[in-house]
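J.: Just passing along the structure, written as C-alpha cells.
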Amino acid sequence: MKKKRAIKLVEEKLPKKRFEHSMRVAETAVKMADLFNGDAEKVELAGILHDYAKYDDLALMYQLVTKYELDRELLAYNSEILHGPVAAALMKYEHGIEDVEVLQAIFNHTTGRKQMTLTEKIIFVADYIEPGRNQPGVDEMRTMIFDEKKLDKAIYDISKRTVKFLLENDKCIYPRTIECLNYYNLEK
Ligand SMILES: Nc1ncnc2c1ncn2[C@@H]1O[C@H](COP(=O)(O)OP(=O)(O)O)[C@@H](O)[C@H]1O
C-alpha cells in the first residue's frame with residue numbers, strides 16, 4: 001500500500017486527534033529508522049496505520065477475532081489490546097498488505113512481544129515518545145532513544161510501566177507484555 005492511500009484510509013476513519021497522533025508516530029518512526037538503520041518506508045506505513053481499528057465497535061472486533069482466527073485469549077483482557085491485532089487482520093485481508101514486518105508492527109504495537117523485529121520495536125517505542133505525548137518520564141525516554149540510542153532499554157522501560165500500571169489498577173495482564181518485559185530485561 002502506498003503512503004497516500006494509507007493516510008486517506010486513516011484520515012477518513014479516525015477522529016482528527018488520533019489521525020494527527022498516527023502521523024506523528026509515523027514521523028517519529030522515520031527518524032528512528034534513520035538512527036537505527038531501519039526501513040523508513042515500512043515503519044512509516046505501520047505508523048500511519050497502527051491505530052486504524054482503535055475506535056472500532058467492540059462487537060465487530062469480537063466478530064473479526066473469530067473471522068480471522070486471532071488468538072481468542074485476547075478476549076479475556078482489557079479490550080485495548082484488541083485494536084492492534086484487528087487492524088493488522090483488516091490490513092492483511094481487506095486492504096491487501098502483504099508485508100509481514102508491517103503487519104507485525106501494527107499487530108504488536110500495544111503489547112510488544114519478545115524478539116521483535118526492528119520495525120516492530122520502532123513502532124512500539126515511537127507510539128510512546130511521539131512529540132504529542134506528555135506522560136511523566138517521556139523526555140528521558142526521548143533522550144534514551146535519540147541521544148543514547150538504547151532501543152531495547154526503552155522497550156523494557158515502556159513494558160515495565162505498562163505492567164506497573166495494570167497491576168496498580170488490578171487489571172489482568174495479557175502475557176505477551178510479560179514475555180516482552182522478561183526478554184528485554186535479559187537483553188538490555
Ligand atoms: N498486556 C496487556 N494487557 C492488558 N492491557 C494492556 C496490555 N498492554 C497494554 N495494555 C493497555 O492498553 C492501553 C494502551 O494501548 P495503546 O495502544 O498504547 O493506546 P494509546 O495509543 O491510546 O496509548 C493501556 O490502557 C494499557 O494499559
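If you're wondering about the labels, chains in the C-alpha cells are A, B, ... by order shown, residues count from 1 in each chain, ligands from 1 in order shown.
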Quick one: residues within 10 Å of Gly84 (chain A), only C-alpha atoms, excluding same-chain residues fewer than 6 positions away - as a short mmCIF file (atom, residue, chain, number, x, y, z; two decimals) with C-alpha atoms, in the first residue's frame?

T.:
```
data_model
loop_
_atom_site.label_atom_id
_atom_site.label_comp_id
_atom_site.auth_asym_id
_atom_site.auth_seq_id
_atom_site.Cartn_x
_atom_site.Cartn_y
_atom_site.Cartn_z
CA LEU A 49 -1.93 2.51 10.13
CA HIS A 50 -1.24 1.24 13.68
CA ASP A 51 -4.38 2.72 15.28
CA TYR A 52 -6.69 2.04 12.32
CA ALA A 53 -9.03 -0.10 14.48
CA LYS A 54 -8.67 1.96 17.68
CA LEU A 90 -8.02 -5.84 8.33
CA LEU A 103 1.63 -6.32 9.77
CA GLN A 104 3.55 -7.48 12.86
CA ALA A 105 4.36 -3.91 13.86
CA ILE A 106 0.67 -2.98 13.69
CA PHE A 107 -0.34 -6.21 15.46
CA ASN A 108 2.02 -5.85 18.44
CA HIS A 109 2.15 -2.09 18.94
CA THR A 110 0.18 -2.14 22.22
CA THR A 111 1.59 -5.21 23.97
#
```

J.: Which residues form the shell of 8 Å around ligand 1 when you count only C-alpha atoms and all ligand atoms, given as a JSON list (two decimals) with N, CA and C atoms, in the first residue's frame?

T.:
```json
[["chain", "number", "residue", "atom", "x", "y", "z"],
["A", 51, "ASP", "N", -3.15, 2.53, 14.47],
["A", 51, "ASP", "CA", -4.38, 2.72, 15.28],
["A", 51, "ASP", "C", -5.65, 2.65, 14.43],
["A", 54, "LYS", "N", -8.62, 1.48, 16.29],
["A", 54, "LYS", "CA", -8.67, 1.96, 17.68],
["A", 54, "LYS", "C", -10.10, 2.19, 18.19],
["A", 77, "TYR", "N", -8.97, -10.10, 28.14],
["A", 77, "TYR", "CA", -8.24, -8.98, 28.75],
["A", 77, "TYR", "C", -8.88, -7.65, 28.35],
["A", 78, "ASN", "N", -8.32, -6.59, 28.91],
["A", 78, "ASN", "CA", -8.60, -5.22, 28.52],
["A", 78, "ASN", "C", -8.85, -5.12, 27.00],
["A", 79, "SER", "N", -9.98, -4.55, 26.60],
["A", 79, "SER", "CA", -10.30, -4.52, 25.17],
["A", 79, "SER", "C", -9.30, -3.68, 24.36],
["A", 80, "GLU", "N", -8.50, -2.86, 25.07],
["A", 80, "GLU", "CA", -7.47, -2.04, 24.39],
["A", 80, "GLU", "C", -6.48, -2.90, 23.60],
["A", 81, "ILE", "N", -6.30, -4.15, 24.05],
["A", 81, "ILE", "CA", -5.26, -4.95, 23.37],
["A", 81, "ILE", "C", -5.76, -5.55, 22.05],
["A", 83, "HIS", "N", -7.18, -3.78, 19.40],
["A", 83, "HIS", "CA", -7.17, -2.96, 18.17],
["A", 83, "HIS", "C", -5.94, -3.17, 17.28],
["A", 84, "GLY", "N", -4.82, -3.55, 17.87],
["A", 84, "GLY", "CA", -3.64, -3.83, 17.03],
["A", 84, "GLY", "C", -3.84, -5.09, 16.18],
["A", 109, "HIS", "N", 1.73, -3.42, 18.46],
["A", 109, "HIS", "CA", 2.15, -2.09, 18.94],
["A", 109, "HIS", "C", 1.70, -1.79, 20.37],
["A", 110, "THR", "N", 0.65, -2.42, 20.85],
["A", 110, "THR", "CA", 0.18, -2.14, 22.22],
["A", 110, "THR", "C", 0.90, -3.01, 23.24],
["A", 111, "THR", "N", 1.06, -4.28, 22.96],
["A", 111, "THR", "CA", 1.59, -5.21, 23.97],
["A", 111, "THR", "C", 3.09, -5.47, 23.84],
["A", 112, "GLY", "N", 3.66, -5.20, 22.67],
["A", 112, "GLY", "CA", 5.03, -5.65, 22.43],
["A", 112, "GLY", "C", 5.05, -7.18, 22.42],
["A", 127, "ASP", "N", 5.28, 5.08, 19.26],
["A", 127, "ASP", "CA", 3.93, 5.31, 19.77],
["A", 127, "ASP", "C", 3.98, 5.95, 21.16],
["A", 128, "TYR", "N", 5.02, 5.62, 21.90],
["A", 128, "TYR", "CA", 5.16, 6.11, 23.27],
["A", 128, "TYR", "C", 5.83, 7.48, 23.35],
["A", 159, "SER", "N", 7.53, -1.38, 28.75],
["A", 159, "SER", "CA", 6.79, -2.58, 29.18],
["A", 159, "SER", "C", 6.63, -2.58, 30.71],
["A", 162, "THR", "N", 3.89, -0.23, 31.68],
["A", 162, "THR", "CA", 2.57, -0.79, 31.36],
["A", 162, "THR", "C", 2.18, -1.83, 32.41],
["A", 163, "VAL", "N", 3.11, -2.72, 32.72],
["A", 163, "VAL", "CA", 2.81, -3.78, 33.70],
["A", 163, "VAL", "C", 2.52, -3.17, 35.07],
["A", 165, "PHE", "N", 1.35, -0.17, 35.70],
["A", 165, "PHE", "CA", 0.05, 0.50, 35.61],
["A", 165, "PHE", "C", -1.08, -0.52, 35.73],
["A", 166, "LEU", "N", -0.94, -1.63, 35.03],
["A", 166, "LEU", "CA", -2.00, -2.64, 35.04],
["A", 166, "LEU", "C", -2.13, -3.27, 36.43],
["A", 171, "LYS", "N", -5.75, -4.75, 36.91],
["A", 171, "LYS", "CA", -6.17, -5.26, 35.59],
["A", 171, "LYS", "C", -5.39, -6.55, 35.29],
["A", 172, "CYS", "N", -6.01, -7.42, 34.52],
["A", 172, "CYS", "CA", -5.29, -8.62, 34.08],
["A", 172, "CYS", "C", -4.28, -8.22, 33.01],
["A", 173, "ILE", "N", -3.18, -8.94, 32.97],
["A", 173, "ILE", "CA", -2.10, -8.60, 32.03],
["A", 173, "ILE", "C", -1.99, -9.68, 30.96],
["A", 174, "TYR", "N", -2.23, -9.30, 29.73],
["A", 174, "TYR", "CA", -2.05, -10.24, 28.61],
["A", 174, "TYR", "C", -0.57, -10.65, 28.59],
["A", 175, "PRO", "N", -0.27, -11.95, 28.63],
["A", 175, "PRO", "CA", 1.10, -12.41, 28.90],
["A", 175, "PRO", "C", 2.17, -11.95, 27.91],
["A", 176, "ARG", "N", 1.76, -11.56, 26.71],
["A", 176, "ARG", "CA", 2.76, -11.13, 25.72],
["A", 176, "ARG", "C", 3.63, -9.98, 26.26],
["A", 177, "THR", "N", 3.03, -9.09, 27.07],
["A", 177, "THR", "CA", 3.79, -7.96, 27.62],
["A", 177, "THR", "C", 4.79, -8.45, 28.68],
["A", 178, "ILE", "N", 4.38, -9.47, 29.43],
["A", 178, "ILE", "CA", 5.29, -10.04, 30.45],
["A", 178, "ILE", "C", 6.48, -10.71, 29.73]]
```

J.: I want to know what sits within 7 Å of region 28-45 of chain A, based on only C-alpha atoms, with residues of the same chain fewer than 3 positions away left out; could you give that as an MDAnalysis selection string?

T.: chainID A and resid 3 24:25 48:49 102 118:119 122:123 126 130

J.: Since we have the selection now, will you write its residues out, keeping C-alpha atoms, as a PDB file, in the first residue's frame?

T.:
```
ATOM      1  CA  LYS A   3       1.614   6.149   1.806  1.00  0.00           C
ATOM      2  CA  ARG A  24       3.367  11.897  14.445  1.00  0.00           C
ATOM      3  CA  VAL A  25       4.087   8.239  15.210  1.00  0.00           C
ATOM      4  CA  ILE A  48       0.233   5.642   9.830  1.00  0.00           C
ATOM      5  CA  LEU A  49      -1.931   2.509  10.133  1.00  0.00           C
ATOM      6  CA  VAL A 102       4.452  -4.006   8.643  1.00  0.00           C
ATOM      7  CA  LEU A 118      13.424  -3.684  14.226  1.00  0.00           C
ATOM      8  CA  THR A 119      10.256  -2.385  12.544  1.00  0.00           C
ATOM      9  CA  ILE A 122      10.440   1.239  16.318  1.00  0.00           C
ATOM     10  CA  ILE A 123       6.642   1.428  16.182  1.00  0.00           C
ATOM     11  CA  ALA A 126       7.527   5.723  18.560  1.00  0.00           C
ATOM     12  CA  GLU A 130       5.948  10.901  19.604  1.00  0.00           C
TER      13      GLU A 130
END
```

J.: As a ChimeraX atom specification, please: every residue in region 6-111 of chain A that a backbone DSSP assignment puts in helix (DSSP H, G or I).

T.: /A:6-13,16-36,40-49,58-67,72-76,79-93,100-107

J.: For a quick check of understanding, using only C-alpha atoms, which of A:Lys17, A:Lys67, A:Lys149, A:Arg72 has the smallest distance to Tyr93 (chain A)?

T.: A:Lys67

J.: Could you give me, as a list in words, the residues within 12 Å of Lys153 (chain A), counting only C-alpha atoms and dropping anything in the same chain fewer than 6 positions from it?

T.: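 Once the nearby chain positions are removed, what remains is Lys121, Val125, Glu140, Met141, Arg142, Thr143, Met144, Ile145, Ser159, Lys160, Cys180, Leu181, Asn182, Tyr183, Tyr184, Asn185, Leu186, Glu187 and Lys188 of chain A.
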
J.: So that I have them on file, write out the residues from the current selection with C-alpha atoms, as a CSV table (one decimal), in the first residue's frame.

T.:
```csv
chain,number,residue,atom,x,y,z
A,121,LYS,CA,10.5,-2.1,18.0
A,125,VAL,CA,8.6,3.0,21.0
A,140,GLU,CA,14.1,10.8,29.5
A,141,MET,CA,12.8,8.2,27.1
A,142,ARG,CA,13.4,10.5,24.1
A,143,THR,CA,16.9,11.1,25.3
A,144,MET,CA,17.4,7.4,25.7
A,145,ILE,CA,16.4,6.9,22.1
A,159,SER,CA,6.8,-2.6,29.2
A,160,LYS,CA,7.6,-2.1,32.9
A,180,CYS,CA,8.4,-8.8,26.3
A,181,LEU,CA,9.5,-7.5,29.7
A,182,ASN,CA,11.4,-10.6,30.6
A,183,TYR,CA,13.1,-10.8,27.2
A,184,TYR,CA,14.2,-7.2,27.1
A,185,ASN,CA,15.3,-7.3,30.8
A,186,LEU,CA,17.7,-10.0,29.9
A,187,GLU,CA,18.8,-8.3,26.6
A,188,LYS,CA,19.2,-4.8,27.9
```

J.: Could you tell me how far CA of Ala6 (chain A) sits from CA of Ile129 (chain A), in Å to one decimal place?

T.: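 Atom-to-atom, CA of Ile129 (chain A) to CA of Ala6 (chain A), that is 21.7 Å.
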
J.: So, with only C-alpha atoms as the atoms that count, which of A:Ser22, A:Lys8, A:Tyr156, A:Arg161 lies closest to Gln135 (chain A)?

T.: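 The shortest atom-to-atom distance to Gln135 (chain A) comes from A:Arg161.
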
J.: From the set A:Gly132, A:Gly96, A:Gly137, A:Pro85, which residue has the shortest atom-to-atom contact distance to Glu69 (chain A), counting only C-alpha atoms?

T.: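 Checking each of A:Gly132, A:Gly96, A:Gly137, A:Pro85 against Glu69 (chain A), counting only C-alpha atoms, the winner is A:Pro85.
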
J.: State, in Å with one decimal place, the distance from CA of Ile97 (chain A) to CA of Arg5 (chain A).

T.: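 Here the two named atoms are 11.7 Å from each other.
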
J.: For CA of Arg133 (chain A) and CA of Thr117 (chain A), determine how far apart the two atoms are, in Å to one decimal place.

T.: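 Atom-to-atom, CA of Arg133 (chain A) to CA of Thr117 (chain A), that is 23.7 Å.
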